[in-house]
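Asker: I have a structure here, written as structure tokens, and I will follow up with some questions on it.
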Amino acid sequence: MSTALAVFVVQQEFSDSAWKKSAPVIVGEQGATIYLGQDESENLRKVQKAGRQLDNLGVSSAKLSGEGWDFERQWAFANGYTDTRSTNKLEWASNGEALTQTRNVVNWVRELVNLPPMDIYPESLAQRVAQKLESLAPAKVSSRVIKGDELLQEGWMGIHTVGRASKRPPCMLVVDYNPTGNADAEIDTVLVGKGITFDSGGYSLKSSEGMLAMKCDMGGAATVAGALGLAIEQGLQKRVQLVLCCAENLVDGSAYLLGDIITYKNGLTVEVVNTDAEGRLVLADGLQYAGEVGAKRVMDAATLTGAAQVAVGNEYNALFSVDDELANKALSTAAAQRENLWRLPLQPWHKENTPSAFADCANSRPQKGGGTGGASNAAGFLLRFAPNDGKGWLHFDIAGAYHNSANAMWATGATALGVRTIAALLQD
């Protein structure tokens with residue numbers, strides 16, 4: 001009969017000469033012990049590394065034991081102790097209901113992102129998200145999928161343009177969570193997610209190695225869907241809508257071409273100078289939708305630019321906003337949730353950093369990676385479509401959403417970094 005490995009935390013100096021001081025966890029007859037210091041931020045990193053090491057050692061079942069396990073330490077251990085397929089079993093020391101609730105949602109987000117593109121494509125992503133959210137609050141959630149040429153009829157040109165080359169049609173999912181029971185209740189927040197279920201780069205074709213992980217390009221959609229799901233589980237009482245902009249960015253004779261011009265619902269024209277800068281083209285539709293329904297706040301999440309990852313690495317998400325008060329709230333919320341978030345520059349003039357001689361603007365600069373300041377320039381493009389000139393809008397470029405290979409902190413694959421922060425912002 002198998003038993004769970006007991007894992008303890010102790011706040012004392014490590015003194016076992018049989019182990020290196022750099023070891024995040026020491027395994028003995030009584031179980032595994034993590035020695036902590038005075039810096040709690042470093043403690044949380046050490047706890048997560050310990051979870052990672054125990055997974056690497058093949059431990060399939062662990063029990064957090066003894067004193068010292070608060071919520072955040074337990075959650076840090078769980079993040080490290082989650083293997084790619086989320087098969088490890090974990091018993092909590094305390095706060096079991098809240099931790100299990102969070103872990104279940106986060107594991108669902110990771111599963112969505114890690115699934116192969118044969119299973120996750122625009123319509124199946126929309127169906128899975130709608131079914132999940134409806135199961136959490138059946139009487140309070142309704143959903144609608146706008147698919148294929150219906151997108152043209154309703155004016156959602158970006159999603160249709162990007163996804164029209166795939167045999168699996170693009171779609172927009174709209175989920176309405178309305179706990180008030182009043183059909184005319186104001187919409188507090190619209191969440192917008194980039195749902196590119198596979199990104200070949202289009203005619204700006206990616207390399208094979210660059211394409212391998214592009215099943216994760218719907219990580220933004222999974223993140224905001226998970227955030228709404230977690231907030232619902234935590235008792236969210238505000239009306240929130242979720243908009244997922246779903247497409248496969250593929251190549252065939254009907255694919256959009258470099259030099260094409262998209263005319264959006266708001267009349268703005270955009271020249272395509274890079275078909276691999278497709279995420280912002282679909283998010284533009286979602287941001288316009290948010291403006292149409294008059295949301296007080298808009299938050300979007302996307303695996304939008306490699307430039308953001310260059311800037312902040314893959315242990316942070318990047319934040320962009322021209323609303324300083326809301327941006328500061330997001331940063332403080334992320335800090336409270338122990339999720340790494342860093343604000344990068346965005347000013348109104350960033351809208352002018354993707355010019356076109358043939359249209360109102362281009363979707364990028366015709367340079368590798370969009371040139372210098374690529375993440376800010378992409379955010380500047382989105383600012384053209386954000387309601388109220390960006391007042392009440394946050395853009396998360398989720399650089400930490402996915403790891404191509406395991407490291408000392410995370411297993412290979414999705415991390416769900418950002419879910420807790422966005423869920424907490426919905427409650428604020």
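Residue names in the structure tokens use chain letters A, B, ... in the order shown, residue numbers from 1 in each chain, and ligand numbers from 1 in the order shown.
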Distance table requested - stretch 381-420 of chain A against stretch 89-110 of chain A, cut-off 12 Å, only C-alpha atoms: one row per qualifying residue with the closest atom pair and its distance in Å to one decimal, ordered by chain and rising residue number, as a Markdown table.
Answerer:
| residue | atom | partner | partner_atom | distance |
| --- | --- | --- | --- | --- |
| A:Ala401 | CA | A:Arg110 | CA | 9.3 |
| A:Tyr402 | CA | A:Arg110 | CA | 9.1 |
| A:His403 | CA | A:Arg110 | CA | 11.4 |
| A:Trp410 | CA | A:Arg110 | CA | 11.9 |
| A:Ala411 | CA | A:Arg110 | CA | 10.9 |
| A:Thr412 | CA | A:Arg110 | CA | 10.6 |
| A:Gly413 | CA | A:Arg110 | CA | 7.7 |
| A:Ala414 | CA | A:Arg110 | CA | 5.1 |
| A:Thr415 | CA | A:Arg110 | CA | 6.4 |
| A:Ala416 | CA | A:Val106 | CA | 6.0 |
| A:Leu417 | CA | A:Val106 | CA | 8.9 |
| A:Gly418 | CA | A:Val106 | CA | 10.1 |
| A:Val419 | CA | A:Val106 | CA | 7.4 |
| A:Arg420 | CA | A:Thr102 | CA | 8.2 |
Asker: Find the residues near A:Ala126: any atom within 10 Å, counting only C-alpha atoms, skip ones fewer than 5 places away on the same chain, and give them as a JSON list (two decimals) with N, CA, C and O atoms, in the first residue's frame.
Answerer:
[["chain", "number", "residue", "atom", "x", "y", "z"],
["A", 120, "ILE", "N", -7.52, 20.84, -29.58],
["A", 120, "ILE", "CA", -7.94, 22.21, -29.31],
["A", 120, "ILE", "C", -7.84, 23.03, -30.59],
["A", 120, "ILE", "O", -6.75, 23.31, -31.08],
["A", 121, "TYR", "N", -8.98, 23.35, -31.13],
["A", 121, "TYR", "CA", -9.09, 24.21, -32.31],
["A", 121, "TYR", "C", -10.19, 25.22, -32.00],
["A", 121, "TYR", "O", -10.81, 25.14, -30.92],
["A", 131, "GLN", "N", -18.73, 25.22, -21.68],
["A", 131, "GLN", "CA", -19.23, 24.13, -20.84],
["A", 131, "GLN", "C", -18.69, 24.23, -19.42],
["A", 131, "GLN", "O", -19.43, 24.01, -18.45],
["A", 143, "SER", "N", -24.01, 31.67, -23.05],
["A", 143, "SER", "CA", -22.91, 31.81, -24.00],
["A", 143, "SER", "C", -23.42, 31.79, -25.43],
["A", 143, "SER", "O", -24.52, 31.30, -25.71],
["A", 144, "ARG", "N", -22.58, 32.32, -26.30],
["A", 144, "ARG", "CA", -22.91, 32.36, -27.73],
["A", 144, "ARG", "C", -21.63, 32.22, -28.52],
["A", 144, "ARG", "O", -20.60, 32.80, -28.15],
["A", 145, "VAL", "N", -21.65, 31.43, -29.59],
["A", 145, "VAL", "CA", -20.51, 31.27, -30.48],
["A", 145, "VAL", "C", -20.86, 31.85, -31.84],
["A", 145, "VAL", "O", -21.87, 31.47, -32.45],
["A", 146, "ILE", "N", -20.03, 32.78, -32.32],
["A", 146, "ILE", "CA", -20.19, 33.38, -33.66],
["A", 146, "ILE", "C", -19.11, 32.76, -34.53],
["A", 146, "ILE", "O", -17.92, 32.94, -34.26],
["A", 171, "CYS", "N", -13.83, 31.56, -34.74],
["A", 171, "CYS", "CA", -15.06, 31.91, -34.03],
["A", 171, "CYS", "C", -14.77, 32.89, -32.90],
["A", 171, "CYS", "O", -13.63, 33.04, -32.45],
["A", 172, "MET", "N", -15.81, 33.56, -32.49],
["A", 172, "MET", "CA", -15.78, 34.41, -31.30],
["A", 172, "MET", "C", -16.73, 33.80, -30.28],
["A", 172, "MET", "O", -17.90, 33.55, -30.59],
["A", 173, "LEU", "N", -16.23, 33.53, -29.09],
["A", 173, "LEU", "CA", -17.08, 33.07, -27.99],
["A", 173, "LEU", "C", -17.40, 34.26, -27.09],
["A", 173, "LEU", "O", -16.49, 34.99, -26.68],
["A", 174, "VAL", "N", -18.66, 34.43, -26.78],
["A", 174, "VAL", "CA", -19.10, 35.45, -25.82],
["A", 174, "VAL", "C", -19.81, 34.74, -24.68],
["A", 174, "VAL", "O", -20.82, 34.06, -24.90],
["A", 175, "VAL", "N", -19.26, 34.85, -23.49],
["A", 175, "VAL", "CA", -19.87, 34.29, -22.28],
["A", 175, "VAL", "C", -20.33, 35.44, -21.40],
["A", 175, "VAL", "O", -19.57, 36.39, -21.16],
["A", 195, "GLY", "N", -7.16, 33.64, -28.66],
["A", 195, "GLY", "CA", -7.37, 32.20, -28.77],
["A", 195, "GLY", "C", -6.85, 31.64, -30.08],
["A", 195, "GLY", "O", -7.58, 30.95, -30.80],
["A", 221, "ALA", "N", -6.49, 33.16, -23.94],
["A", 221, "ALA", "CA", -7.90, 32.75, -23.82],
["A", 221, "ALA", "C", -8.08, 31.85, -22.61],
["A", 221, "ALA", "O", -9.03, 32.01, -21.82],
["A", 243, "VAL", "N", -14.83, 37.31, -23.73],
["A", 243, "VAL", "CA", -14.80, 37.26, -25.20],
["A", 243, "VAL", "C", -13.50, 36.58, -25.62],
["A", 243, "VAL", "O", -12.41, 37.09, -25.35],
["A", 244, "LEU", "N", -13.63, 35.43, -26.28],
["A", 244, "LEU", "CA", -12.46, 34.73, -26.78],
["A", 244, "LEU", "C", -12.42, 34.84, -28.30],
["A", 244, "LEU", "O", -13.41, 34.55, -28.99],
["A", 245, "CYS", "N", -11.27, 35.26, -28.81],
["A", 245, "CYS", "CA", -11.08, 35.50, -30.24],
["A", 245, "CYS", "C", -10.27, 34.33, -30.79],
["A", 245, "CYS", "O", -9.05, 34.28, -30.63],
["A", 246, "CYS", "N", -10.95, 33.38, -31.41],
["A", 246, "CYS", "CA", -10.37, 32.06, -31.68],
["A", 246, "CYS", "C", -10.15, 31.83, -33.18],
["A", 246, "CYS", "O", -11.07, 32.02, -33.98]]
Asker: Return the single residue from A:Asp300, A:Glu292, A:Asp324, A:Glu111 that is closest to A:Asn388, with distances computed using only C-alpha atoms.
Answerer: A:Glu292
Asker: Smallest atom-to-atom distance to A:Gly380: which of A:Ala284, A:Ala295, A:Val272, A:Leu133, using only C-alpha atoms?
Answerer: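 Smallest separation from A:Gly380 among the options: A:Ala284.
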Asker: Apply DSSP to the structure's backbone, then extract all residues of stretch 232-371 of chain A labelled helix (DSSP H, G or I) and return them as an MDAnalysis selection string.
Answerer: chainID A and resid 232:233 279:293 306:312 324:336 348:353 368:370
Asker: A:Ala139, A:Val7, A:Val25, A:Val162: which is nearest A:Arg45, counting only C-alpha atoms?
Answerer: A:Val25
Asker: List the spatial neighbours of A:Phe8 as an MDAnalysis selection string - criterion: any atom at most 8 Å away, only C-alpha atoms, same-chain residues fewer than 6 positions off excluded.
Answerer: chainID A and resid 31:34 64:67
Asker: Print the selection's residues with C-alpha atoms to a file, as a short mmCIF file (atom, residue, chain, number, x, y, z; two decimals), in the first residue's frame.
Answerer:
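Result saved to part-v1.cif:
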data_model
loop_
_atom_site.label_atom_id
_atom_site.label_comp_id
_atom_site.auth_asym_id
_atom_site.auth_seq_id
_atom_site.Cartn_x
_atom_site.Cartn_y
_atom_site.Cartn_z
CA GLY A 31 10.06 12.53 4.95
CA ALA A 32 11.29 15.64 3.15
CA THR A 33 12.29 18.89 4.84
CA ILE A 34 12.59 22.38 3.37
CA LEU A 64 2.28 18.83 3.51
CA SER A 65 2.85 18.20 7.21
CA GLY A 66 3.65 20.04 10.41
CA GLU A 67 3.57 23.77 11.13
#
Asker: Contacts between stretch 255-262 of chain A and stretch 322-379 of chain A, please, where a residue of stretch 322-379 of chain A counts if it comes within 9 Å (with only C-alpha atoms); show its shortest atom pair and distance in Å to one decimal, rows by chain and ascending number, as a Markdown table.
Answerer:
| residue | atom | partner | partner_atom | distance |
| --- | --- | --- | --- | --- |
| A:Phe358 | CA | A:Ile261 | CA | 8.2 |
| A:Ala359 | CA | A:Ile261 | CA | 7.0 |
| A:Ala362 | CA | A:Ile261 | CA | 8.7 |
Asker: Pick the closest to A:Leu54 from A:Trp75, A:Glu134, A:Lys329, A:Asn88: which is it, counting only C-alpha atoms?
Answerer: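 Of all the options, A:Asn88 lies closest to A:Leu54.
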Asker: Which residues are close to stretch 180-184 of chain A, i.e. within 12 Å by only C-alpha atoms, leaving aside same-chain residues fewer than 2 positions away? Reply as a count of residues only.
Answerer: 17
Asker: With only C-alpha atoms as the counted atoms, please give the residues lying no more than 10 Å from A:Leu212, apart from itself and same-chain residues fewer than 5 positions off, as a PyMOL selection string.
Answerer: chain A and resi 198-200+206-207+404
Asker: Okay, now the selection with all heavy atoms, as an mmCIF file, in the first residue's frame?
Answerer:
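Saved to again-v8.cif:
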data_model
loop_
_atom_site.group_PDB
_atom_site.id
_atom_site.type_symbol
_atom_site.label_atom_id
_atom_site.label_comp_id
_atom_site.auth_asym_id
_atom_site.auth_seq_id
_atom_site.Cartn_x
_atom_site.Cartn_y
_atom_site.Cartn_z
ATOM 1 N N PHE A 198 -3.532 27.418 -33.028
ATOM 2 C CA PHE A 198 -2.238 27.042 -33.597
ATOM 3 C C PHE A 198 -1.771 28.179 -34.493
ATOM 4 O O PHE A 198 -2.542 28.718 -35.274
ATOM 5 C CB PHE A 198 -2.298 25.746 -34.410
ATOM 6 C CG PHE A 198 -0.918 25.283 -34.820
ATOM 7 C CD1 PHE A 198 -0.086 24.665 -33.905
ATOM 8 C CD2 PHE A 198 -0.436 25.510 -36.099
ATOM 9 C CE1 PHE A 198 1.200 24.264 -34.255
ATOM 10 C CE2 PHE A 198 0.841 25.119 -36.469
ATOM 11 C CZ PHE A 198 1.660 24.492 -35.536
ATOM 12 N N ASP A 199 -0.495 28.500 -34.359
ATOM 13 C CA ASP A 199 0.056 29.644 -35.100
ATOM 14 C C ASP A 199 1.241 29.187 -35.944
ATOM 15 O O ASP A 199 2.346 29.011 -35.443
ATOM 16 C CB ASP A 199 0.489 30.743 -34.131
ATOM 17 C CG ASP A 199 1.037 31.972 -34.866
ATOM 18 O OD1 ASP A 199 0.758 32.105 -36.069
ATOM 19 O OD2 ASP A 199 1.720 32.774 -34.226
ATOM 20 N N SER A 200 0.996 29.023 -37.223
ATOM 21 C CA SER A 200 2.089 28.698 -38.146
ATOM 22 C C SER A 200 2.892 29.929 -38.525
ATOM 23 O O SER A 200 3.978 29.826 -39.097
ATOM 24 C CB SER A 200 1.527 28.064 -39.427
ATOM 25 O OG SER A 200 0.864 29.043 -40.212
ATOM 26 N N LYS A 206 6.766 30.609 -39.560
ATOM 27 C CA LYS A 206 7.736 30.337 -38.512
ATOM 28 C C LYS A 206 8.637 29.174 -38.913
ATOM 29 O O LYS A 206 8.284 28.357 -39.766
ATOM 30 C CB LYS A 206 7.004 29.955 -37.212
ATOM 31 C CG LYS A 206 6.170 31.044 -36.577
ATOM 32 C CD LYS A 206 5.495 30.506 -35.317
ATOM 33 C CE LYS A 206 4.604 31.538 -34.658
ATOM 34 N NZ LYS A 206 5.373 32.625 -34.031
ATOM 35 N N SER A 207 9.790 29.075 -38.255
ATOM 36 C CA SER A 207 10.636 27.896 -38.407
ATOM 37 C C SER A 207 9.973 26.715 -37.709
ATOM 38 O O SER A 207 9.076 26.884 -36.884
ATOM 39 C CB SER A 207 12.012 28.148 -37.775
ATOM 40 O OG SER A 207 11.866 28.330 -36.375
ATOM 41 N N ASN A 404 8.885 25.954 -22.764
ATOM 42 C CA ASN A 404 9.174 24.896 -23.734
ATOM 43 C C ASN A 404 9.853 23.687 -23.099
ATOM 44 O O ASN A 404 9.772 22.579 -23.619
ATOM 45 C CB ASN A 404 10.063 25.439 -24.857
ATOM 46 C CG ASN A 404 9.316 26.383 -25.768
ATOM 47 O OD1 ASN A 404 8.111 26.254 -25.951
ATOM 48 N ND2 ASN A 404 10.017 27.347 -26.336
#
